[in-house]
Structure formats: C-alpha cells, structure tokens
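Peer 1: The file below is input02.txt, compact mmCIF, C-alpha atoms:
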# COMPACT_ATOMS: atom_id res chain seq x y z
CA MET T 26 -4.97 -24.06 33.01
CA GLY T 27 -5.71 -27.59 34.15
CA THR T 28 -9.01 -28.30 32.36
CA ASP T 29 -11.23 -26.50 29.94
CA ILE T 30 -14.96 -26.74 30.54
CA PRO T 31 -17.06 -24.35 28.45
CA THR T 32 -19.02 -21.86 30.50
CA ASN T 33 -22.45 -21.04 29.09
CA TYR T 34 -23.53 -17.57 30.04
CA SER T 35 -27.30 -17.10 30.08
CA TYR T 36 -27.03 -13.59 31.44
CA MET T 37 -26.70 -11.58 28.25
CA THR T 38 -27.29 -7.91 27.78
CA ALA T 39 -29.56 -6.61 25.03
CA GLY T 40 -28.27 -7.14 21.52
CA ILE T 41 -25.35 -9.35 22.56
CA THR T 42 -25.42 -13.05 21.82
CA ASN T 43 -24.29 -15.85 24.09
CA ASP T 44 -21.43 -16.84 21.80
CA ASP T 45 -20.19 -13.27 21.51
CA SER T 46 -19.72 -12.71 25.23
CA SER T 47 -18.67 -16.17 26.41
CA SER T 48 -15.84 -16.25 23.88
CA ALA T 49 -14.58 -12.91 25.17
CA PHE T 50 -14.05 -14.18 28.70
CA SER T 51 -11.50 -16.49 30.23
CA ASP T 52 -13.04 -19.62 31.66
CA CYS T 53 -12.48 -19.62 35.41
CA ASN T 54 -12.09 -23.35 35.41
CA SER T 55 -9.38 -25.41 37.09
CA ASP T 56 -6.77 -23.49 39.02
CA ARG T 57 -3.63 -22.31 37.30
CA SER T 58 -1.45 -22.40 40.41
CA GLY T 59 1.95 -24.03 40.39
CA GLU T 60 2.36 -27.51 41.82
CA PHE T 61 3.07 -27.55 45.54
CA PRO T 62 6.26 -29.16 46.89
CA THR T 63 5.77 -32.58 48.47
CA ALA T 64 8.02 -35.25 49.91
CA SER T 65 8.85 -38.04 47.48
CA SER T 66 6.72 -40.70 49.23
CA GLN T 67 3.73 -38.35 49.26
CA THR T 68 4.28 -37.53 45.61
CA ARG T 69 4.29 -41.22 44.70
CA ARG T 70 1.13 -41.81 46.72
CA LEU T 71 -0.65 -38.96 44.96
CA LEU T 72 0.50 -39.97 41.49
CA LEU T 73 -0.57 -43.58 42.08
CA SER T 74 -3.95 -42.35 43.28
CA CYS T 75 -4.44 -40.10 40.26
CA ALA T 76 -3.62 -43.00 37.94
CA SER T 77 -5.69 -45.53 39.84
CA ASP T 78 -9.33 -46.27 39.28
CA ASN T 79 -9.91 -46.31 43.02
CA SER T 80 -8.78 -43.32 45.06
CA ASP T 81 -11.51 -43.69 47.68
CA ASP T 82 -9.24 -44.83 50.51
CA LEU T 83 -6.85 -41.92 50.01
CA ILE T 84 -9.72 -39.43 49.81
CA ARG T 85 -11.20 -40.66 53.08
CA GLN T 86 -7.83 -40.30 54.81
CA LEU T 87 -7.27 -36.84 53.38
CA VAL T 88 -10.66 -35.66 54.65
CA LEU T 89 -9.70 -36.89 58.12
CA ASP T 90 -6.39 -35.02 57.83
CA LEU T 91 -8.22 -31.77 57.04
CA ASN T 92 -9.34 -31.80 60.69
CA SER T 93 -5.84 -32.43 62.04
CA CYS T 94 -4.40 -30.24 64.79
CA SER T 95 -1.25 -29.89 62.66
CA ILE T 96 -1.25 -27.05 60.13
CA ASP T 97 1.36 -28.94 58.10
CA GLU T 98 -0.91 -31.99 57.87
CA GLN T 99 -3.83 -29.76 56.92
CA LYS T 100 -1.76 -28.11 54.20
CA GLN T 101 -0.65 -31.45 52.82
CA ALA T 102 -4.19 -32.83 52.80
CA THR T 103 -5.61 -29.68 51.20
CA MET T 104 -2.92 -29.66 48.54
CA GLU T 105 -3.53 -33.30 47.66
CA ILE T 106 -7.30 -32.79 47.52
CA ARG T 107 -6.76 -29.80 45.27
CA LEU T 108 -4.61 -31.86 42.90
CA LEU T 109 -6.95 -34.86 42.92
CA ALA T 110 -9.86 -32.57 42.03
CA LYS T 111 -7.84 -30.78 39.37
CA ASN T 112 -6.38 -33.77 37.57
CA LYS T 113 -9.26 -36.27 37.69
CA PRO T 114 -12.76 -34.80 37.26
CA GLU T 115 -14.54 -37.86 38.67
CA ASN T 116 -12.76 -37.29 41.98
CA ARG T 117 -14.61 -34.00 42.51
CA LEU T 118 -17.88 -35.66 43.44
CA LYS T 119 -16.09 -38.39 45.41
CA ILE T 120 -14.29 -35.79 47.51
CA ALA T 121 -17.50 -33.89 48.20
CA LYS T 122 -19.37 -37.06 49.15
CA ALA T 123 -16.53 -37.98 51.53
CA GLY T 124 -17.32 -34.84 53.53
CA ALA T 125 -14.49 -32.55 52.46
CA ILE T 126 -16.49 -29.41 51.77
CA THR T 127 -17.23 -28.36 55.36
CA PRO T 128 -13.62 -28.64 56.66
CA LEU T 129 -12.28 -26.98 53.52
CA ILE T 130 -14.62 -24.04 54.03
CA SER T 131 -13.36 -23.69 57.60
CA LEU T 132 -9.81 -23.45 56.24
CA LEU T 133 -10.78 -20.43 54.14
CA SER T 134 -10.71 -18.39 57.36
CA SER T 135 -7.29 -19.67 58.44
CA PRO T 136 -4.82 -16.98 59.54
CA ASP T 137 -2.17 -19.00 57.71
CA LEU T 138 -2.33 -17.41 54.25
CA GLN T 139 -0.80 -20.42 52.49
CA LEU T 140 -3.36 -22.77 54.03
CA GLN T 141 -6.11 -20.33 53.10
CA GLU T 142 -4.83 -20.25 49.52
CA TYR T 143 -4.78 -24.05 49.32
CA GLY T 144 -8.33 -24.16 50.69
CA VAL T 145 -9.62 -21.60 48.19
CA THR T 146 -8.00 -23.47 45.33
CA ALA T 147 -9.43 -26.82 46.46
CA ILE T 148 -12.92 -25.29 46.71
CA LEU T 149 -12.52 -23.84 43.21
CA ASN T 150 -11.60 -27.23 41.77
CA LEU T 151 -14.48 -28.97 43.55
CA SER T 152 -16.88 -26.33 42.20
CA LEU T 153 -16.08 -27.46 38.65
CA CYS T 154 -18.49 -30.33 39.30
CA ASP T 155 -21.94 -28.82 38.83
CA GLU T 156 -23.38 -31.14 41.45
CA ASN T 157 -21.05 -29.62 44.04
CA LYS T 158 -21.90 -25.95 43.46
CA ASP T 159 -25.13 -25.91 45.43
CA LEU T 160 -23.51 -27.88 48.25
CA ILE T 161 -20.59 -25.47 48.48
CA ALA T 162 -22.90 -22.47 48.59
CA SER T 163 -25.36 -24.04 51.03
CA TYR T 164 -22.55 -25.02 53.41
CA GLY T 165 -21.63 -21.34 53.75
CA ALA T 166 -18.66 -20.84 51.43
CA ILE T 167 -19.67 -17.46 50.00
CA ARG T 168 -18.65 -15.19 52.90
CA PRO T 169 -15.33 -16.97 53.56
CA LEU T 170 -14.51 -16.75 49.84
CA VAL T 171 -15.26 -13.03 49.93
CA ARG T 172 -12.93 -12.67 52.93
CA ALA T 173 -10.21 -14.49 51.01
CA LEU T 174 -10.82 -12.07 48.15
CA LYS T 175 -10.06 -9.28 50.61
CA THR T 176 -7.20 -10.70 52.70
CA GLY T 177 -5.66 -13.53 50.72
CA THR T 178 -2.53 -13.87 48.62
CA PRO T 179 -2.73 -12.74 45.00
CA THR T 180 -3.34 -16.35 43.93
CA ALA T 181 -6.02 -16.80 46.61
CA LYS T 182 -7.78 -13.64 45.39
CA GLU T 183 -7.73 -14.82 41.78
CA ASN T 184 -9.00 -18.29 42.65
CA ALA T 185 -11.61 -16.86 45.04
CA SER T 186 -12.99 -14.70 42.22
CA CYS T 187 -13.20 -17.79 40.01
CA ALA T 188 -14.89 -19.82 42.75
CA LEU T 189 -17.44 -17.04 43.29
CA LEU T 190 -18.09 -17.02 39.56
CA ARG T 191 -18.76 -20.75 39.68
CA LEU T 192 -21.23 -20.20 42.53
CA SER T 193 -23.00 -17.36 40.71
CA HIS T 194 -25.07 -19.76 38.60
CA THR T 195 -28.29 -18.79 40.38
CA GLU T 196 -29.87 -15.38 40.95
CA GLU T 197 -30.06 -16.17 44.67
CA ASN T 198 -26.33 -16.75 44.87
CA LYS T 199 -25.56 -13.64 42.82
CA VAL T 200 -27.51 -11.58 45.32
CA ALA T 201 -25.83 -13.32 48.27
CA ILE T 202 -22.36 -12.76 46.81
CA GLY T 203 -23.10 -9.08 46.24
CA ARG T 204 -24.49 -8.62 49.74
CA ALA T 205 -21.43 -10.34 51.21
CA GLY T 206 -19.30 -7.48 49.88
CA ALA T 207 -17.68 -9.09 46.85
CA ILE T 208 -18.37 -6.38 44.27
CA PRO T 209 -16.02 -3.61 45.56
CA LEU T 210 -13.29 -6.23 46.08
CA LEU T 211 -13.67 -7.48 42.52
CA VAL T 212 -13.57 -3.89 41.26
CA ASN T 213 -10.33 -3.44 43.20
CA LEU T 214 -8.90 -6.62 41.65
CA LEU T 215 -9.95 -5.37 38.21
CA GLU T 216 -8.14 -2.10 38.84
CA SER T 217 -4.98 -3.23 40.62
CA GLY T 218 -4.60 -6.97 40.03
CA GLY T 219 -2.26 -8.66 37.60
CA PHE T 220 -3.41 -9.67 34.14
CA ARG T 221 -4.97 -12.92 35.32
CA GLY T 222 -6.61 -11.12 38.25
CA LYS T 223 -8.12 -8.55 35.89
CA LYS T 224 -9.47 -11.27 33.61
CA ASP T 225 -10.94 -13.27 36.46
CA ALA T 226 -12.46 -10.19 38.09
CA SER T 227 -14.06 -9.05 34.84
CA THR T 228 -15.55 -12.49 34.25
CA ALA T 229 -17.02 -12.65 37.75
CA LEU T 230 -18.35 -9.09 37.53
CA TYR T 231 -20.01 -9.80 34.19
CA SER T 232 -21.94 -12.64 35.77
CA LEU T 233 -22.76 -10.94 39.07
CA CYS T 234 -23.87 -7.67 37.48
CA SER T 235 -26.77 -9.30 35.71
CA VAL T 236 -28.51 -8.52 39.03
CA LYS T 237 -29.57 -4.87 39.30
CA GLU T 238 -28.44 -4.34 42.88
CA ASN T 239 -24.97 -5.59 41.94
CA LYS T 240 -24.85 -3.18 39.01
CA MET T 241 -25.44 -0.37 41.49
CA ARG T 242 -22.77 -1.72 43.83
CA ALA T 243 -20.27 -1.86 40.97
CA VAL T 244 -21.03 1.68 39.82
CA ASN T 245 -20.84 2.99 43.38
CA ALA T 246 -17.51 1.18 43.85
CA GLY T 247 -16.04 3.19 40.96
CA ILE T 248 -15.90 0.47 38.33
CA MET T 249 -16.23 2.86 35.39
CA LYS T 250 -12.77 4.33 35.80
CA PRO T 251 -10.85 1.04 35.39
CA LEU T 252 -13.24 -0.17 32.69
CA VAL T 253 -12.73 2.95 30.59
CA GLU T 254 -8.97 2.85 31.15
CA LEU T 255 -8.77 -0.80 30.09
CA MET T 256 -10.88 -0.15 26.99
CA ALA T 257 -8.69 2.80 26.07
CA ASP T 258 -5.60 0.57 26.09
CA LEU T 259 -6.15 -1.31 22.86
CA GLY T 260 -3.08 -3.44 23.50
CA SER T 261 -4.19 -4.57 26.95
CA ASN T 262 -6.09 -7.69 25.81
CA MET T 263 -8.85 -6.44 28.11
CA VAL T 264 -10.87 -4.34 25.64
CA ASP T 265 -13.47 -7.01 24.89
CA LYS T 266 -13.91 -8.13 28.49
CA SER T 267 -14.20 -4.57 29.80
CA ALA T 268 -16.68 -3.62 27.08
CA TYR T 269 -18.93 -6.58 27.85
CA VAL T 270 -18.97 -5.73 31.56
CA LEU T 271 -19.74 -2.13 30.61
CA SER T 272 -22.60 -3.23 28.36
CA VAL T 273 -24.29 -4.80 31.38
CA LEU T 274 -23.83 -1.72 33.55
CA VAL T 275 -25.21 0.85 31.08
CA THR T 276 -28.61 -0.78 31.27
CA VAL T 277 -29.16 1.40 34.35
CA GLY T 278 -29.16 5.19 34.33
CA GLU T 279 -26.44 5.45 36.98
CA GLY T 280 -24.18 3.36 34.79
CA LYS T 281 -24.74 5.59 31.77
CA ARG T 282 -23.97 8.72 33.79
CA ALA T 283 -20.84 7.22 35.32
CA LEU T 284 -19.58 6.15 31.89
CA VAL T 285 -19.99 9.65 30.51
CA GLU T 286 -18.40 11.25 33.57
CA GLU T 287 -15.34 9.00 33.23
CA GLY T 288 -14.81 10.01 29.60
CA GLY T 289 -16.14 6.81 28.08
CA ILE T 290 -17.73 8.30 24.97
CA PRO T 291 -14.46 9.25 23.19
CA VAL T 292 -13.04 5.81 24.00
CA LEU T 293 -16.07 4.03 22.55
CA VAL T 294 -15.99 6.17 19.41
CA GLU T 295 -12.30 5.30 18.94
CA ILE T 296 -13.11 1.61 19.28
CA VAL T 297 -15.79 1.93 16.59
CA GLU T 298 -13.11 3.45 14.37
CA VAL T 299 -10.08 1.24 15.01
CA GLY T 300 -11.19 -1.80 17.06
CA THR T 301 -11.66 -5.37 15.93
CA GLN T 302 -14.99 -6.38 14.42
CA ARG T 303 -16.22 -7.73 17.73
CA GLN T 304 -15.03 -4.63 19.60
CA LYS T 305 -16.72 -2.35 17.10
CA GLU T 306 -19.97 -4.26 17.46
CA ILE T 307 -20.09 -4.10 21.26
CA ALA T 308 -18.99 -0.44 21.23
CA VAL T 309 -21.84 0.55 18.93
CA VAL T 310 -24.31 -1.41 21.08
CA ILE T 311 -23.16 0.54 24.15
CA LEU T 312 -23.32 3.88 22.35
CA LEU T 313 -26.84 3.05 21.20
CA GLN T 314 -27.85 2.20 24.75
CA ILE T 315 -26.61 5.48 26.18
CA CYS T 316 -28.02 7.59 23.34
CA GLU T 317 -31.47 6.13 22.98
CA GLU T 318 -33.17 8.38 25.51
CA ASN T 319 -30.70 11.21 26.05
CA VAL T 320 -30.29 14.06 23.59
CA ALA T 321 -27.27 15.48 25.43
CA TYR T 322 -25.39 12.20 25.09
CA ARG T 323 -26.24 12.06 21.38
CA THR T 324 -24.74 15.51 20.97
CA MET T 325 -21.57 14.40 22.77
CA VAL T 326 -21.27 11.31 20.57
CA SER T 327 -21.75 13.37 17.41
CA ARG T 328 -19.16 15.94 18.50
CA GLU T 329 -16.62 13.13 18.98
CA GLY T 330 -16.87 12.49 15.25
CA ALA T 331 -18.79 9.23 15.53
CA ILE T 332 -20.79 9.43 12.31
CA PRO T 333 -17.97 8.74 9.76
CA PRO T 334 -16.77 5.52 11.49
CA LEU T 335 -20.40 4.51 12.04
CA ILE T 336 -21.08 4.91 8.32
CA ALA T 337 -18.03 2.77 7.59
CA LEU T 338 -19.23 0.15 10.07
CA SER T 339 -22.70 0.13 8.52
CA GLN T 340 -21.06 -0.89 5.25
CA THR T 341 -18.33 -3.30 6.40
CA GLY T 342 -19.29 -4.67 9.80
CA THR T 343 -21.07 -7.83 10.83
CA ASN T 344 -24.79 -7.99 10.12
CA ARG T 345 -25.59 -7.05 13.70
CA ALA T 346 -23.01 -4.26 13.74
CA LYS T 347 -24.41 -2.87 10.49
CA GLN T 348 -27.93 -2.79 11.90
CA LYS T 349 -26.83 -1.15 15.14
CA ALA T 350 -24.69 1.40 13.31
CA GLU T 351 -27.56 2.33 11.00
CA THR T 352 -29.92 2.74 13.94
CA LEU T 353 -27.44 4.91 15.82
CA ILE T 354 -26.72 7.07 12.75
CA GLU T 355 -30.43 7.69 12.32
CA LEU T 356 -30.70 8.59 16.00
CA LEU T 357 -27.73 10.98 15.89
CA ARG T 358 -29.18 12.76 12.85
CA GLN T 359 -32.48 13.48 14.55
CA PRO T 360 -33.14 17.08 15.62
CA ARG T 361 -31.54 17.89 18.98
CA SER T 362 -34.86 18.21 20.78
CA GLY T 363 -37.37 15.97 22.47
CA ASN T 364 -36.62 13.18 24.84
CA GLY T 365 -35.75 10.60 22.22
CA ALA T 366 -37.94 8.02 23.87
CA GLY T 367 -39.48 5.11 22.09
CA ARG T 368 -36.24 3.82 20.59
CA SER T 369 -35.47 1.14 23.16
CA SER T 370 -37.04 -1.60 21.05
CA GLU T 371 -34.40 -1.03 18.39
CA VAL T 372 -31.57 -1.76 20.82
CA SER T 373 -32.58 -5.39 21.29
CA ALA T 374 -31.62 -7.36 18.23
Mind turning the file's structure into structure tokens?
Peer 2:
Amino acid sequence: MGTDIPTNYSYMTAGITNDDSSSAFSDCNSDRSGEFPTASSQTRRLLLSCASDNSDDLIRQLVLDLNSCSIDEQKQATMEIRLLAKNKPENRLKIAKAGAITPLISLLSSPDLQLQEYGVTAILNLSLCDENKDLIASYGAIRPLVRALKTGTPTAKENASCALLRLSHTEENKVAIGRAGAIPLLVNLLESGGFRGKKDASTALYSLCSVKENKMRAVNAGIMKPLVELMADLGSNMVDKSAYVLSVLVTVGEGKRALVEEGGIPVLVEIVEVGTQRQKEIAVVILLQICEENVAYRTMVSREGAIPPLIALSQTGTNRAKQKAETLIELLRQPRSGNGAGRSSEVSA
C-alpha cells in the first residue's frame, strides 16, 4: 500500500468501540496497483516531478492531456496523475485545483477497461485528500464508480470500492451510493472477489450499512450467506471484518432473521468458544443483540451449547466481553416465555 492514513469510523454499532472496529478493517487508502509501464523519458519526467517542489507545470499539462483525442495520451496522463497523487500527498489538492476531477470522472465510463481502471485509481488517490472528497462527489463520481464496480477489471472493482468508501463520509453520500446500486455489487465482491476485494468490500459495506436503507439492501442482496461462510472459516483472516459488518446488520429485524436462516448461530457460538479475544467479544455482542427480544433465538443459542463457553468468557475475557457474556447468560437462563423485552439497554455498553 502506498500510504497509510488512519480512518476514523464514527459509525459504530452498539457496544463496539471505535478502536475495536477500525483496527479490524484494512484502510482503503492509496492504491496497491502495480506501477504502469512508461517510456524512459516519461519515467524521468515523472520522477523529477515527484522529487521537485514544483510540479505545477506538469500537472497543468497532464490535465490538458486528459481531454486528448488519443486514448494512449489519456492513459499516460491518467497514469501519471495517479502516481503523482499516490507518491506526494500535497499534489492531491494541486491536481484537483488544476481541474482534473471532471475529466477523470468522464474516463470512468470509458469502454477501454484499462483507461477506466487508471481513472478509478486516480480518483481513489485524489480522494485521500479530505478537501477533495466533497468535490469528487459533487461532480458526479458516485454513479460512474458504481458502474466501474460492476463492469471493471478486478483491480478497478477493488479501487472503486475503496473510492466509494472514501466518499461515504457523509450520510447523504451513503444514501446516494446505496441508491446508485453499489450494495449488491459490493456483496458480490465480498462473495466472489479475491482476498483484497473481500477486505475492501467488507470495509465499504461496514461504512455504508450504518444507514438503515443500506442495511436492508445488503440483507436483500444475500449478504448473510458470505458473511457466515467467512466467519466460519477461522483461517480466512476475514472473521473480524465479517463479524463487524454483521454486527451492523443485526440491528434490524430482517438482519437477525437472515442470520439465523443462514445458520449463523452455531458459527457465532463456535467463535465464542475458540476465537480470539476480539472475535469472542464481537460474537457475544451479536448473540446478545439477536437474543434480547426473541425467546426462540435464545432457545437456539442455548441448544448450541453456548452457556459453557460464555461462562468461560465471563471469567477470562476483556472487561466488555465479561459484561456482555454475563448479561447473555442471565438472559439465556430466563424462563422460555414472555417476549424478553426491556433488555435492549443492556446491549449498549
């Protein structure tokens, strides 16, 4: 990865702290694409510009080249802008102020998949400057990025998901991204993408699904199946990420039902028994959320043998995990009658 800029997630689910969730996710920061081949003179020009304190002249020329009638010139200009934005953070604002955003967005709809990929990657790198995010969204990048998520190369899809994450910093943009059709495409990337694609999709979905209508879109798109499968594979390095996405979705009734239907309860109980400390903590939070108002789900959790590992967790887990485990044990030991309401306040630590 080119640069590491901490991402602060303010969209936390109940009982989960900012530090817990943000450390579980990959930062969709600078692109991780390979360097693009260039002629030696162009390489020297770019390297000199990256090392120089003044790249303004080159940036202005590259923005002009983005509007060239030659696809090869457009590719070269887009590639150089992408590298300038990746390797020198101060260039990101310079490039935007030079007028690059509008022509780059137009390239996102190019039928040339390589040019589209370069455009997506350049937009991603420009979005790392917070001052550029609102400009990129207001200039109409969301729908073209969603199209790239659908039709692009594997790298374009991964970088498009990261760019959409960067633009999801406001509730308004989260809604716009969901309504543009991104959620089912991200679910598909989570299910069938490579490891990086799965990580990037889960990170974007975690952010976008803080909005209720996007939770519903994700559930309706079948997200529970890949989430449960990824959590069940303890060696996948996706357990934490999948569980945090799941914790956002089970705040709605449809999410709870879909989790149960996809066999999520046995998987969560296993995580409480054999997962890492962080995995155990988020698993018990999810179990508490689905059990708090549903006697049938409590019965299912009990029948999976949850109480012994919960007792162990209440004695050896983190302070938060101990408290959640104790609350859930008390809930599971209640008589199997009544609606179990009135416990929701105990879920929020």
Peer 1: Give me the residues within 6 Å of stretch 160-175 of chain T as a ChimeraX atom specification, counting only C-alpha atoms and dropping any in the same chain fewer than 5 places off.
Peer 2: /T:130,133,182,185,205,207
Peer 1: Using all atoms listed in the file, find each residue in stretch 296-368 of chain T having at least one atom no more than 12 Å away from stretch 279-286 of chain T; report its shortest atom-to-atom pair and that distance in Å (one decimal), rows by chain then rising number, as a Markdown table.
Peer 2:
| residue | atom | partner | partner_atom | distance |
| --- | --- | --- | --- | --- |
| T:Ile311 | CA | T:Lys281 | CA | 9.3 |
| T:Leu312 | CA | T:Lys281 | CA | 9.7 |
| T:Leu313 | CA | T:Lys281 | CA | 11.1 |
| T:Gln314 | CA | T:Lys281 | CA | 8.4 |
| T:Ile315 | CA | T:Lys281 | CA | 5.9 |
| T:Cys316 | CA | T:Lys281 | CA | 9.3 |
| T:Glu317 | CA | T:Lys281 | CA | 11.1 |
| T:Glu318 | CA | T:Lys281 | CA | 10.9 |
| T:Asn319 | CA | T:Lys281 | CA | 10.0 |
| T:Ala321 | CA | T:Val285 | CA | 10.6 |
| T:Tyr322 | CA | T:Val285 | CA | 8.1 |
| T:Arg323 | CA | T:Val285 | CA | 11.3 |
| T:Met325 | CA | T:Val285 | CA | 9.2 |
| T:Val326 | CA | T:Val285 | CA | 10.2 |
Peer 1: List as a PyMOL selection string the protein and nucleic acid residues near stretch 94-106 of chain T, meaning an atom at most 6 Å away when only C-alpha atoms are counted, but skip any in the same chain fewer than 5 places from it.
Peer 2: chain T and resi 87+140+143
Peer 1: Enter the distance from atom CA of T:Gly144 to atom CA of T:Ala243, in Å, rounded to one decimal.
Peer 2: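 One can read the atom CA of T:Gly144 to atom CA of T:Ala243 distance as 27.1 Å.
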Peer 1: Neighbouring residues of T:Leu259 were defined as those with any atom within 10 Å, considering all atoms listed in the file; residues of the same chain fewer than 3 positions away were excluded. Please report them as a count of residues only.
Peer 2: 13
Peer 1: Determine the nearest neighbour of T:Val253 from the options T:Ser232, T:Gly288, T:Ser227, T:Ser80, counting all atoms listed in the file.
Peer 2: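 Going through T:Ser232, T:Gly288, T:Ser227, T:Ser80 one by one, the smallest distance to T:Val253 is for T:Gly288.
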Peer 1: Looking at all atoms listed in the file, which of T:Ser131, T:Ser186, T:Asn112, T:Thr195 is the one that sits closest to T:Leu91?
Peer 2: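 When distances to T:Leu91 are compared using all atoms listed in the file, the smallest one comes from T:Ser131.
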Peer 1: Counting all atoms listed in the file, which residue out of T:Arg328, T:Lys240, T:Lys224, T:Lys305 sits closest to T:Ala350?
Peer 2: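 Under the stated criterion, the closest residue is T:Lys305.
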Peer 1: Measuring atom to atom with only C-alpha atoms, identify which of T:Val236, T:Leu138, T:Val88, T:Leu353 is nearest to T:Glu197.
Peer 2: T:Val236
Peer 1: How big is the axis-aligned box around all listed atoms of stretch 196-207 of chain T once 8 Å goes on each side, and where's its centre, in Å to one decimal, as AutoDock Vina command-line options?
Peer 2:
--center_x -23.9 --center_y -12.1 --center_z 46.1 --size_x 28.4 --size_y 25.3 --size_z 26.3
Peer 1: Could you tell me how far atom CA of T:Val244 lies from atom CA of T:Glu329, in Å and to one decimal?
Peer 2: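 For atom CA of T:Val244 relative to atom CA of T:Glu329, the distance reads 24.2 Å.
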Peer 1: Can you pull out every residue within 8 Å of stretch 154-158 of chain T, counting only C-alpha atoms, but drop anything in the same chain fewer than 6 positions away, and send it as a count of residues only?
Peer 2: 6
Peer 1: I need the residue nearest T:Lys199 from this list: T:Leu356, T:Ala181, T:Asn239, T:Pro291. Use only C-alpha atoms for the distance.
Peer 2: T:Asn239
Peer 1: For each of T:Thr276, T:Ser339, T:Asn213, T:Ser235, take the minimum atom-to-atom distance to T:Ile248, counting all atoms listed in the file, then give the residue where this is smallest.
Peer 2: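 Distance minimum relative to T:Ile248 lands on T:Asn213.
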Peer 1: When you draw a straight line from atom CA of T:Leu293 to atom CA of T:Lys349, how long is it in Å?
Peer 2: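 Value for the atom CA of T:Leu293-atom CA of T:Lys349 distance: 14.1 Å.
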Peer 1: With 9 Å as the threshold, what does the neighbourhood of (-21.1, -7.5, 45.8) contain in terms of residues, counting all atoms listed in the file? Coordinates are those of the file; answer as a list of chain:residue names.
Peer 2: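 The residues near that point, listed by chain and number, are T:Lys199, T:Val200, T:Ala201, T:Ile202, T:Gly203, T:Arg204, T:Ala205, T:Gly206, T:Ala207, T:Ile208, T:Pro209, T:Leu210, T:Leu211, T:Leu230, T:Leu233, T:Cys234, T:Glu238, T:Asn239, T:Lys240, T:Arg242, T:Ala243.
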Peer 1: Could you rebuild stretch 298-313 of chain T with N, CA, C and O atoms and give it back as a JSON list (two decimals), in the coordinates of the input?
Peer 2:
[["chain", "number", "residue", "atom", "x", "y", "z"],
["T", 298, "GLU", "N", -13.97, 3.08, 15.50],
["T", 298, "GLU", "CA", -13.11, 3.45, 14.37],
["T", 298, "GLU", "C", -11.98, 2.46, 14.13],
["T", 298, "GLU", "O", -11.72, 2.08, 12.98],
["T", 299, "VAL", "N", -11.32, 2.00, 15.20],
["T", 299, "VAL", "CA", -10.08, 1.24, 15.01],
["T", 299, "VAL", "C", -10.09, -0.13, 15.68],
["T", 299, "VAL", "O", -9.10, -0.87, 15.57],
["T", 300, "GLY", "N", -11.16, -0.51, 16.36],
["T", 300, "GLY", "CA", -11.19, -1.80, 17.06],
["T", 300, "GLY", "C", -11.37, -2.97, 16.12],
["T", 300, "GLY", "O", -11.52, -2.83, 14.90],
["T", 301, "THR", "N", -11.35, -4.17, 16.70],
["T", 301, "THR", "CA", -11.66, -5.37, 15.93],
["T", 301, "THR", "C", -13.16, -5.38, 15.62],
["T", 301, "THR", "O", -13.93, -4.58, 16.14],
["T", 302, "GLN", "N", -13.57, -6.32, 14.77],
["T", 302, "GLN", "CA", -14.99, -6.38, 14.42],
["T", 302, "GLN", "C", -15.86, -6.60, 15.65],
["T", 302, "GLN", "O", -16.91, -5.97, 15.79],
["T", 303, "ARG", "N", -15.42, -7.48, 16.53],
["T", 303, "ARG", "CA", -16.22, -7.73, 17.73],
["T", 303, "ARG", "C", -16.23, -6.50, 18.64],
["T", 303, "ARG", "O", -17.27, -6.14, 19.21],
["T", 304, "GLN", "N", -15.09, -5.84, 18.78],
["T", 304, "GLN", "CA", -15.03, -4.63, 19.60],
["T", 304, "GLN", "C", -15.90, -3.53, 19.03],
["T", 304, "GLN", "O", -16.59, -2.82, 19.77],
["T", 305, "LYS", "N", -15.88, -3.37, 17.72],
["T", 305, "LYS", "CA", -16.72, -2.35, 17.10],
["T", 305, "LYS", "C", -18.19, -2.64, 17.35],
["T", 305, "LYS", "O", -18.98, -1.72, 17.65],
["T", 306, "GLU", "N", -18.56, -3.90, 17.27],
["T", 306, "GLU", "CA", -19.97, -4.26, 17.46],
["T", 306, "GLU", "C", -20.44, -3.95, 18.87],
["T", 306, "GLU", "O", -21.50, -3.35, 19.07],
["T", 307, "ILE", "N", -19.65, -4.35, 19.88],
["T", 307, "ILE", "CA", -20.09, -4.10, 21.26],
["T", 307, "ILE", "C", -20.04, -2.62, 21.58],
["T", 307, "ILE", "O", -20.89, -2.08, 22.29],
["T", 308, "ALA", "N", -19.07, -1.89, 20.99],
["T", 308, "ALA", "CA", -18.99, -0.44, 21.23],
["T", 308, "ALA", "C", -20.22, 0.27, 20.69],
["T", 308, "ALA", "O", -20.77, 1.18, 21.33],
["T", 309, "VAL", "N", -20.67, -0.12, 19.51],
["T", 309, "VAL", "CA", -21.84, 0.55, 18.93],
["T", 309, "VAL", "C", -23.10, 0.19, 19.71],
["T", 309, "VAL", "O", -24.01, 1.01, 19.86],
["T", 310, "VAL", "N", -23.17, -1.03, 20.23],
["T", 310, "VAL", "CA", -24.31, -1.41, 21.08],
["T", 310, "VAL", "C", -24.36, -0.52, 22.32],
["T", 310, "VAL", "O", -25.41, -0.03, 22.72],
["T", 311, "ILE", "N", -23.20, -0.30, 22.94],
["T", 311, "ILE", "CA", -23.16, 0.54, 24.15],
["T", 311, "ILE", "C", -23.54, 1.98, 23.82],
["T", 311, "ILE", "O", -24.33, 2.61, 24.54],
["T", 312, "LEU", "N", -22.99, 2.51, 22.74],
["T", 312, "LEU", "CA", -23.32, 3.88, 22.35],
["T", 312, "LEU", "C", -24.82, 4.02, 22.08],
["T", 312, "LEU", "O", -25.44, 5.03, 22.44],
["T", 313, "LEU", "N", -25.40, 3.01, 21.46],
["T", 313, "LEU", "CA", -26.84, 3.05, 21.20],
["T", 313, "LEU", "C", -27.62, 3.03, 22.50],
["T", 313, "LEU", "O", -28.62, 3.75, 22.65]]
